[in-house]
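Student: What follows is run.pdb; its format and atoms are PDB, N, CA and C atoms.
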ATOM      1  N   MET A1442     101.225  16.682 -78.256
ATOM      2  CA  MET A1442     100.543  15.988 -77.183
ATOM      3  C   MET A1442      99.111  16.536 -77.105
ATOM      4  N   ASP A1443      98.154  15.630 -77.087
ATOM      5  CA  ASP A1443      96.771  16.069 -77.001
ATOM      6  C   ASP A1443      96.360  16.286 -75.546
ATOM      7  N   ILE A1444      95.145  16.780 -75.356
ATOM      8  CA  ILE A1444      94.682  17.162 -74.029
ATOM      9  C   ILE A1444      94.504  15.949 -73.109
ATOM     10  N   GLU A1445      94.087  14.815 -73.650
ATOM     11  CA  GLU A1445      93.905  13.622 -72.813
ATOM     12  C   GLU A1445      95.241  13.113 -72.270
ATOM     13  N   SER A1446      96.265  13.159 -73.080
ATOM     14  CA  SER A1446      97.593  12.744 -72.606
ATOM     15  C   SER A1446      98.093  13.662 -71.504
ATOM     16  N   ALA A1447      97.846  14.961 -71.683
ATOM     17  CA  ALA A1447      98.263  15.921 -70.662
ATOM     18  C   ALA A1447      97.506  15.691 -69.358
ATOM     19  N   LYS A1448      96.219  15.347 -69.450
ATOM     20  CA  LYS A1448      95.438  15.084 -68.246
ATOM     21  C   LYS A1448      95.948  13.839 -67.519
ATOM     22  N   ILE A1449      96.284  12.821 -68.276
ATOM     23  CA  ILE A1449      96.788  11.592 -67.656
ATOM     24  C   ILE A1449      98.142  11.835 -66.988
ATOM     25  N   ILE A1450      99.006  12.587 -67.648
ATOM     26  CA  ILE A1450     100.306  12.914 -67.055
ATOM     27  C   ILE A1450     100.119  13.777 -65.812
ATOM     28  N   GLY A1451      99.194  14.739 -65.875
ATOM     29  CA  GLY A1451      98.910  15.578 -64.710
ATOM     30  C   GLY A1451      98.367  14.770 -63.546
ATOM     31  N   MET A1452      97.507  13.795 -63.859
ATOM     32  CA  MET A1452      96.961  12.939 -62.808
ATOM     33  C   MET A1452      98.068  12.110 -62.169
ATOM     34  N   ALA A1453      98.925  11.556 -62.993
ATOM     35  CA  ALA A1453     100.024  10.740 -62.465
ATOM     36  C   ALA A1453     100.969  11.569 -61.601
ATOM     37  N   LEU A1454     101.268  12.778 -62.024
ATOM     38  CA  LEU A1454     102.145  13.640 -61.232
ATOM     39  C   LEU A1454     101.493  14.051 -59.919
ATOM     40  N   ALA A1455     100.197  14.374 -59.967
ATOM     41  CA  ALA A1455      99.495  14.779 -58.739
ATOM     42  C   ALA A1455      99.475  13.647 -57.721
ATOM     43  N   VAL A1456      99.190  12.444 -58.180
ATOM     44  CA  VAL A1456      99.174  11.304 -57.257
ATOM     45  C   VAL A1456     100.589  10.986 -56.784
ATOM     46  N   GLY A1457     101.535  10.986 -57.690
ATOM     47  CA  GLY A1457     102.913  10.644 -57.326
ATOM     48  C   GLY A1457     103.497  11.580 -56.292
ATOM     49  N   PHE A1458     103.405  12.878 -56.555
ATOM     50  CA  PHE A1458     103.957  13.842 -55.608
ATOM     51  C   PHE A1458     103.103  13.960 -54.356
ATOM     52  N   GLY A1459     101.806  13.730 -54.502
ATOM     53  CA  GLY A1459     100.917  13.859 -53.356
ATOM     54  C   GLY A1459     101.000  12.711 -52.374
ATOM     55  N   VAL A1460     101.550  11.586 -52.782
ATOM     56  CA  VAL A1460     101.633  10.421 -51.905
ATOM     57  C   VAL A1460     103.027  10.278 -51.292
ATOM     58  N   ILE A1461     104.008  10.920 -51.872
ATOM     59  CA  ILE A1461     105.377  10.821 -51.345
ATOM     60  C   ILE A1461     105.466  11.394 -49.925
ATOM     61  N   GLY A1462     104.927  12.589 -49.726
ATOM     62  CA  GLY A1462     104.996  13.233 -48.415
ATOM     63  C   GLY A1462     104.307  12.448 -47.315
ATOM     64  N   PRO A1463     103.035  12.077 -47.516
ATOM     65  CA  PRO A1463     102.380  11.278 -46.482
ATOM     66  C   PRO A1463     103.050   9.927 -46.240
ATOM     67  N   GLY A1464     103.605   9.330 -47.278
ATOM     68  CA  GLY A1464     104.308   8.058 -47.089
ATOM     69  C   GLY A1464     105.519   8.208 -46.186
ATOM     70  N   ILE A1465     106.285   9.255 -46.414
ATOM     71  CA  ILE A1465     107.440   9.527 -45.557
ATOM     72  C   ILE A1465     106.975   9.876 -44.141
ATOM     73  N   GLY A1466     105.910  10.682 -44.053
ATOM     74  CA  GLY A1466     105.389  11.080 -42.745
ATOM     75  C   GLY A1466     104.891   9.901 -41.930
ATOM     76  N   ILE A1467     104.176   8.989 -42.575
ATOM     77  CA  ILE A1467     103.674   7.814 -41.862
ATOM     78  C   ILE A1467     104.830   6.955 -41.372
ATOM     79  N   GLY A1468     105.849   6.809 -42.203
ATOM     80  CA  GLY A1468     107.024   6.047 -41.779
ATOM     81  C   GLY A1468     107.700   6.659 -40.573
ATOM     82  N   MET A1469     107.807   7.975 -40.566
ATOM     83  CA  MET A1469     108.434   8.653 -39.427
ATOM     84  C   MET A1469     107.570   8.537 -38.170
ATOM     85  N   ILE A1470     106.252   8.690 -38.332
ATOM     86  CA  ILE A1470     105.353   8.592 -37.173
ATOM     87  C   ILE A1470     105.449   7.215 -36.530
ATOM     88  N   VAL A1471     105.338   6.183 -37.348
ATOM     89  CA  VAL A1471     105.356   4.823 -36.813
ATOM     90  C   VAL A1471     106.733   4.490 -36.231
ATOM     91  N   GLY A1472     107.780   4.919 -36.889
ATOM     92  CA  GLY A1472     109.125   4.654 -36.384
ATOM     93  C   GLY A1472     109.368   5.293 -35.028
ATOM     94  N   LYS A1473     108.956   6.548 -34.884
ATOM     95  CA  LYS A1473     109.151   7.230 -33.601
ATOM     96  C   LYS A1473     108.257   6.637 -32.516
ATOM     97  N   ALA A1474     107.052   6.218 -32.895
ATOM     98  CA  ALA A1474     106.168   5.596 -31.901
ATOM     99  C   ALA A1474     106.755   4.275 -31.418
ATOM    100  N   LEU A1475     107.272   3.475 -32.337
ATOM    101  CA  LEU A1475     107.881   2.210 -31.927
ATOM    102  C   LEU A1475     109.126   2.445 -31.076
ATOM    103  N   GLU A1476     109.869   3.480 -31.409
ATOM    104  CA  GLU A1476     111.041   3.823 -30.602
ATOM    105  C   GLU A1476     110.623   4.234 -29.191
ATOM    106  N   ALA A1477     109.555   5.027 -29.097
ATOM    107  CA  ALA A1477     109.073   5.457 -27.786
ATOM    108  C   ALA A1477     108.541   4.279 -26.974
ATOM    109  N   ILE A1478     107.825   3.366 -27.642
ATOM    110  CA  ILE A1478     107.312   2.186 -26.936
ATOM    111  C   ILE A1478     108.461   1.289 -26.499
ATOM    112  N   GLY A1479     109.498   1.208 -27.333
ATOM    113  CA  GLY A1479     110.663   0.412 -26.948
ATOM    114  C   GLY A1479     111.378   0.975 -25.737
ATOM    115  N   ARG A1480     111.385   2.294 -25.606
ATOM    116  CA  ARG A1480     112.038   2.914 -24.452
ATOM    117  C   ARG A1480     111.186   2.816 -23.191
ATOM    118  N   ASN A1481     109.861   2.900 -23.373
ATOM    119  CA  ASN A1481     108.960   2.887 -22.227
ATOM    120  C   ASN A1481     107.736   2.041 -22.566
ATOM    121  N   PRO A1482     107.804   0.734 -22.403
ATOM    122  CA  PRO A1482     106.692  -0.136 -22.794
ATOM    123  C   PRO A1482     105.391   0.126 -22.033
ATOM    124  N   GLU A1483     105.485   0.678 -20.822
ATOM    125  CA  GLU A1483     104.274   0.951 -20.061
ATOM    126  C   GLU A1483     103.439   2.060 -20.691
ATOM    127  N   ALA A1484     104.047   2.903 -21.498
ATOM    128  CA  ALA A1484     103.337   4.025 -22.115
ATOM    129  C   ALA A1484     102.711   3.652 -23.457
ATOM    130  N   ALA A1485     102.744   2.381 -23.826
ATOM    131  CA  ALA A1485     102.210   1.967 -25.128
ATOM    132  C   ALA A1485     100.733   2.314 -25.270
ATOM    133  N   GLY A1486      99.981   2.223 -24.173
ATOM    134  CA  GLY A1486      98.554   2.536 -24.217
ATOM    135  C   GLY A1486      98.271   3.993 -24.523
ATOM    136  N   LYS A1487      99.203   4.882 -24.200
ATOM    137  CA  LYS A1487      99.035   6.308 -24.494
ATOM    138  C   LYS A1487      99.628   6.674 -25.855
ATOM    139  N   ILE A1488     100.675   5.986 -26.250
ATOM    140  CA  ILE A1488     101.366   6.329 -27.497
ATOM    141  C   ILE A1488     100.615   5.807 -28.712
ATOM    142  N   GLN A1489     100.088   4.600 -28.614
ATOM    143  CA  GLN A1489      99.484   3.957 -29.777
ATOM    144  C   GLN A1489      98.275   4.714 -30.333
ATOM    145  N   PRO A1490      97.329   5.189 -29.512
ATOM    146  CA  PRO A1490      96.214   5.943 -30.099
ATOM    147  C   PRO A1490      96.655   7.237 -30.768
ATOM    148  N   LEU A1491      97.642   7.900 -30.189
ATOM    149  CA  LEU A1491      98.152   9.123 -30.811
ATOM    150  C   LEU A1491      98.863   8.819 -32.127
ATOM    151  N   MET A1492      99.538   7.673 -32.184
ATOM    152  CA  MET A1492     100.182   7.268 -33.432
ATOM    153  C   MET A1492      99.138   7.063 -34.515
ATOM    154  N   PHE A1493      98.048   6.355 -34.184
ATOM    155  CA  PHE A1493      97.010   6.104 -35.177
ATOM    156  C   PHE A1493      96.338   7.404 -35.622
ATOM    157  N   LEU A1494      96.193   8.363 -34.722
ATOM    158  CA  LEU A1494      95.631   9.660 -35.086
ATOM    159  C   LEU A1494      96.548  10.387 -36.071
ATOM    160  N   GLY A1495      97.842  10.361 -35.809
ATOM    161  CA  GLY A1495      98.801  10.982 -36.730
ATOM    162  C   GLY A1495      98.821  10.294 -38.077
ATOM    163  N   VAL A1496      98.726   8.976 -38.090
ATOM    164  CA  VAL A1496      98.687   8.230 -39.346
ATOM    165  C   VAL A1496      97.429   8.592 -40.129
ATOM    166  N   ALA A1497      96.308   8.731 -39.436
ATOM    167  CA  ALA A1497      95.061   9.086 -40.117
ATOM    168  C   ALA A1497      95.148  10.475 -40.751
ATOM    169  N   PHE A1498      95.739  11.438 -40.038
ATOM    170  CA  PHE A1498      95.885  12.776 -40.605
ATOM    171  C   PHE A1498      96.829  12.769 -41.811
ATOM    172  N   ALA A1499      97.899  12.035 -41.735
ATOM    173  CA  ALA A1499      98.831  11.957 -42.861
ATOM    174  C   ALA A1499      98.182  11.249 -44.042
ATOM    175  N   GLU A1500      97.411  10.218 -43.772
ATOM    176  CA  GLU A1500      96.738   9.486 -44.845
ATOM    177  C   GLU A1500      95.676  10.349 -45.509
ATOM    178  N   ALA A1501      95.068  11.258 -44.751
ATOM    179  CA  ALA A1501      94.067  12.164 -45.333
ATOM    180  C   ALA A1501      94.702  13.036 -46.408
ATOM    181  N   LEU A1502      95.952  13.422 -46.231
ATOM    182  CA  LEU A1502      96.632  14.217 -47.259
ATOM    183  C   LEU A1502      96.794  13.428 -48.554
ATOM    184  N   ALA A1503      97.069  12.148 -48.435
ATOM    185  CA  ALA A1503      97.187  11.311 -49.629
ATOM    186  C   ALA A1503      95.837  11.168 -50.319
ATOM    187  N   ILE A1504      94.774  11.068 -49.548
ATOM    188  CA  ILE A1504      93.436  10.973 -50.142
ATOM    189  C   ILE A1504      93.086  12.277 -50.850
ATOM    190  N   PHE A1505      93.461  13.410 -50.271
ATOM    191  CA  PHE A1505      93.231  14.689 -50.944
ATOM    192  C   PHE A1505      93.981  14.743 -52.270
ATOM    193  N   ALA A1506      95.191  14.224 -52.309
ATOM    194  CA  ALA A1506      95.962  14.211 -53.551
ATOM    195  C   ALA A1506      95.272  13.362 -54.616
ATOM    196  N   ILE A1507      94.697  12.241 -54.210
ATOM    197  CA  ILE A1507      93.988  11.390 -55.168
ATOM    198  C   ILE A1507      92.741  12.092 -55.678
ATOM    199  N   VAL A1508      92.031  12.803 -54.804
ATOM    200  CA  VAL A1508      90.846  13.552 -55.233
ATOM    201  C   VAL A1508      91.236  14.637 -56.230
ATOM    202  N   ILE A1509      92.300  15.359 -55.961
ATOM    203  CA  ILE A1509      92.771  16.389 -56.894
ATOM    204  C   ILE A1509      93.158  15.760 -58.221
ATOM    205  N   ALA A1510      93.766  14.598 -58.179
ATOM    206  CA  ALA A1510      94.155  13.919 -59.415
ATOM    207  C   ALA A1510      92.924  13.569 -60.252
ATOM    208  N   PHE A1511      91.865  13.099 -59.602
ATOM    209  CA  PHE A1511      90.647  12.790 -60.349
ATOM    210  C   PHE A1511      89.983  14.050 -60.890
ATOM    211  N   ILE A1512      90.091  15.142 -60.156
ATOM    212  CA  ILE A1512      89.562  16.409 -60.665
ATOM    213  C   ILE A1512      90.330  16.843 -61.901
ATOM    214  N   VAL A1513      91.647  16.692 -61.868
ATOM    215  CA  VAL A1513      92.467  17.038 -63.035
ATOM    216  C   VAL A1513      92.099  16.146 -64.223
ATOM    217  N   LYS A1514      91.883  14.882 -63.967
ATOM    218  CA  LYS A1514      91.593  13.939 -65.050
ATOM    219  C   LYS A1514      90.232  14.179 -65.681
ATOM    220  N   TYR A1515      89.209  14.398 -64.876
ATOM    221  CA  TYR A1515      87.851  14.428 -65.397
ATOM    222  C   TYR A1515      87.241  15.821 -65.509
ATOM    223  N   ALA A1516      87.996  16.864 -65.225
ATOM    224  CA  ALA A1516      87.447  18.222 -65.360
ATOM    225  C   ALA A1516      87.834  18.832 -66.689
TER     226      ALA A1516
END
Go ahead and render the structure in this file as structure tokens.
Tutor:
Amino acid sequence: MDIESAKIIGMALAVGFGVIGPGIGIGMIVGKALEAIGRNPEAAGKIQPLMFLGVAFAEALAIFAIVIAFIVKYA
């Protein structure tokens, strides 16, 4: 296996493993927020912004994984 193949495999692994966690986390955040809104619809105005903040933080981890993957590929 040459170095370019190893870089491509490393990039694929970094993105694959780096996106699994945030994907699961976002699903859990949104699911729990919808459950909370279903139990108390009046609190939707307080729950929804916090949900979006949690989704943004989880999504940032996926973006970091993509950046690391590009560093592995092009360094």
Student: Please report the interatomic distance between atom CA of A:Arg1480 and atom CA of A:Glu1500 in Å with one decimal.
Tutor: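 Distance reported for this atom pair: 26.3 Å.
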Student: Please write as a PyMOL selection string the full residue list that the PyMOL selection byres (((chain A and resi 1455 and name CA) around 8) and name CA) yields on this file.
Tutor: chain A and resi 1451-1454+1456-1459+1506-1507+1509-1510
Student: Distance atom C of A:Glu1476-atom C of A:Val1460, one decimal place?
Tutor: 24.1 Å
Student: For a cutoff of 10 Å around the file-coordinate point (98.3, 10.0, -40.3), which residues qualify once you count only C-alpha atoms? I'd like the result as a ChimeraX atom specification.
Tutor: /A:1463-1464,1466-1468,1470-1471,1491-1503
Student: Interatomic distance between atom N of A:Ser1446 and atom CA of A:Tyr1515?
Tutor: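 Atom-to-atom, atom N of A:Ser1446 and atom CA of A:Tyr1515 are spaced 11.5 Å apart.
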Student: Pick from A:Ile1450, A:Glu1445, A:Ile1461, A:Gln1489: nearest to A:Leu1475, with only C-alpha atoms counted?
Tutor: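 Using only C-alpha atoms, A:Leu1475 sits closest to A:Gln1489.
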Student: Please define a box with edges along x, y and z of the file around all atoms of stretch 1487-1495 of chain A given in the file, extend it by 4 Å on each side, and return its centre and edge lengths in Å to one decimal, as JSON.
Tutor:
{"center_x": 98.5, "center_y": 7.5, "center_z": -31.1, "size_x": 13.7, "size_y": 15.0, "size_z": 21.9}
Student: Stretch 1457-1499 of chain A from the block above, N, CA and C atoms, as a tab-separated table (two decimals), in the first residue's frame, please?
Tutor:
chain	number	residue	atom	x	y	z
A	1457	GLY	N	-15.35	9.07	9.39
A	1457	GLY	CA	-16.34	8.08	9.80
A	1457	GLY	C	-16.51	8.01	11.30
A	1458	PHE	N	-15.40	7.86	12.02
A	1458	PHE	CA	-15.49	7.77	13.47
A	1458	PHE	C	-15.80	9.12	14.10
A	1459	GLY	N	-15.37	10.19	13.45
A	1459	GLY	CA	-15.60	11.51	14.01
A	1459	GLY	C	-17.02	12.01	13.87
A	1460	VAL	N	-17.80	11.42	12.99
A	1460	VAL	CA	-19.17	11.86	12.76
A	1460	VAL	C	-20.18	10.96	13.48
A	1461	ILE	N	-19.77	9.78	13.85
A	1461	ILE	CA	-20.69	8.86	14.54
A	1461	ILE	C	-21.14	9.43	15.88
A	1462	GLY	N	-20.20	9.91	16.69
A	1462	GLY	CA	-20.54	10.44	18.01
A	1462	GLY	C	-21.47	11.64	17.96
A	1463	PRO	N	-21.12	12.67	17.18
A	1463	PRO	CA	-22.03	13.81	17.09
A	1463	PRO	C	-23.39	13.45	16.50
A	1464	GLY	N	-23.43	12.50	15.58
A	1464	GLY	CA	-24.72	12.08	15.03
A	1464	GLY	C	-25.61	11.46	16.08
A	1465	ILE	N	-25.04	10.60	16.90
A	1465	ILE	CA	-25.80	10.00	18.00
A	1465	ILE	C	-26.20	11.07	19.02
A	1466	GLY	N	-25.26	11.98	19.31
A	1466	GLY	CA	-25.54	13.04	20.28
A	1466	GLY	C	-26.66	13.96	19.83
A	1467	ILE	N	-26.65	14.34	18.56
A	1467	ILE	CA	-27.70	15.21	18.04
A	1467	ILE	C	-29.05	14.51	18.11
A	1468	GLY	N	-29.07	13.23	17.78
A	1468	GLY	CA	-30.32	12.47	17.87
A	1468	GLY	C	-30.85	12.43	19.29
A	1469	MET	N	-29.97	12.24	20.25
A	1469	MET	CA	-30.40	12.21	21.65
A	1469	MET	C	-30.88	13.58	22.12
A	1470	ILE	N	-30.16	14.63	21.72
A	1470	ILE	CA	-30.55	15.99	22.13
A	1470	ILE	C	-31.94	16.33	21.61
A	1471	VAL	N	-32.15	16.10	20.32
A	1471	VAL	CA	-33.44	16.45	19.72
A	1471	VAL	C	-34.56	15.56	20.28
A	1472	GLY	N	-34.28	14.30	20.47
A	1472	GLY	CA	-35.29	13.40	21.02
A	1472	GLY	C	-35.72	13.81	22.42
A	1473	LYS	N	-34.76	14.14	23.27
A	1473	LYS	CA	-35.10	14.55	24.63
A	1473	LYS	C	-35.80	15.90	24.65
A	1474	ALA	N	-35.41	16.79	23.74
A	1474	ALA	CA	-36.08	18.09	23.68
A	1474	ALA	C	-37.53	17.92	23.24
A	1475	LEU	N	-37.77	17.08	22.25
A	1475	LEU	CA	-39.14	16.85	21.81
A	1475	LEU	C	-39.96	16.17	22.90
A	1476	GLU	N	-39.32	15.28	23.64
A	1476	GLU	CA	-40.01	14.63	24.76
A	1476	GLU	C	-40.38	15.66	25.83
A	1477	ALA	N	-39.46	16.57	26.12
A	1477	ALA	CA	-39.73	17.60	27.12
A	1477	ALA	C	-40.83	18.55	26.66
A	1478	ILE	N	-40.81	18.91	25.37
A	1478	ILE	CA	-41.86	19.79	24.85
A	1478	ILE	C	-43.20	19.08	24.85
A	1479	GLY	N	-43.18	17.77	24.57
A	1479	GLY	CA	-44.42	17.01	24.61
A	1479	GLY	C	-45.01	16.94	26.01
A	1480	ARG	N	-44.16	16.90	27.02
A	1480	ARG	CA	-44.65	16.85	28.39
A	1480	ARG	C	-45.12	18.22	28.88
A	1481	ASN	N	-44.44	19.27	28.42
A	1481	ASN	CA	-44.76	20.62	28.88
A	1481	ASN	C	-44.68	21.58	27.70
A	1482	PRO	N	-45.73	21.70	26.91
A	1482	PRO	CA	-45.69	22.54	25.71
A	1482	PRO	C	-45.44	24.02	25.99
A	1483	GLU	N	-45.79	24.49	27.19
A	1483	GLU	CA	-45.57	25.89	27.50
A	1483	GLU	C	-44.08	26.23	27.62
A	1484	ALA	N	-43.25	25.24	27.87
A	1484	ALA	CA	-41.81	25.47	28.04
A	1484	ALA	C	-41.05	25.38	26.72
A	1485	ALA	N	-41.75	25.27	25.61
A	1485	ALA	CA	-41.07	25.13	24.31
A	1485	ALA	C	-40.16	26.31	24.02
A	1486	GLY	N	-40.57	27.51	24.43
A	1486	GLY	CA	-39.77	28.70	24.19
A	1486	GLY	C	-38.44	28.69	24.93
A	1487	LYS	N	-38.36	27.97	26.04
A	1487	LYS	CA	-37.11	27.86	26.80
A	1487	LYS	C	-36.29	26.65	26.36
A	1488	ILE	N	-36.96	25.60	25.94
A	1488	ILE	CA	-36.26	24.37	25.58
A	1488	ILE	C	-35.62	24.46	24.20
A	1489	GLN	N	-36.33	25.06	23.26
A	1489	GLN	CA	-35.87	25.06	21.88
A	1489	GLN	C	-34.53	25.78	21.68
A	1490	PRO	N	-34.30	26.97	22.26
A	1490	PRO	CA	-32.99	27.59	22.07
A	1490	PRO	C	-31.85	26.79	22.68
A	1491	LEU	N	-32.11	26.16	23.81
A	1491	LEU	CA	-31.07	25.32	24.42
A	1491	LEU	C	-30.80	24.08	23.58
A	1492	MET	N	-31.84	23.55	22.94
A	1492	MET	CA	-31.65	22.41	22.05
A	1492	MET	C	-30.75	22.81	20.89
A	1493	PHE	N	-31.02	23.97	20.27
A	1493	PHE	CA	-30.21	24.40	19.14
A	1493	PHE	C	-28.77	24.67	19.56
A	1494	LEU	N	-28.56	25.16	20.77
A	1494	LEU	CA	-27.20	25.37	21.27
A	1494	LEU	C	-26.47	24.04	21.42
A	1495	GLY	N	-27.15	23.05	21.97
A	1495	GLY	CA	-26.54	21.72	22.10
A	1495	GLY	C	-26.25	21.09	20.75
A	1496	VAL	N	-27.14	21.27	19.79
A	1496	VAL	CA	-26.92	20.74	18.45
A	1496	VAL	C	-25.71	21.42	17.81
A	1497	ALA	N	-25.58	22.73	18.02
A	1497	ALA	CA	-24.44	23.45	17.45
A	1497	ALA	C	-23.12	22.96	18.04
A	1498	PHE	N	-23.08	22.72	19.35
A	1498	PHE	CA	-21.86	22.21	19.97
A	1498	PHE	C	-21.53	20.80	19.47
A	1499	ALA	N	-22.51	19.97	19.33
A	1499	ALA	CA	-22.28	18.61	18.83
A	1499	ALA	C	-21.83	18.65	17.37
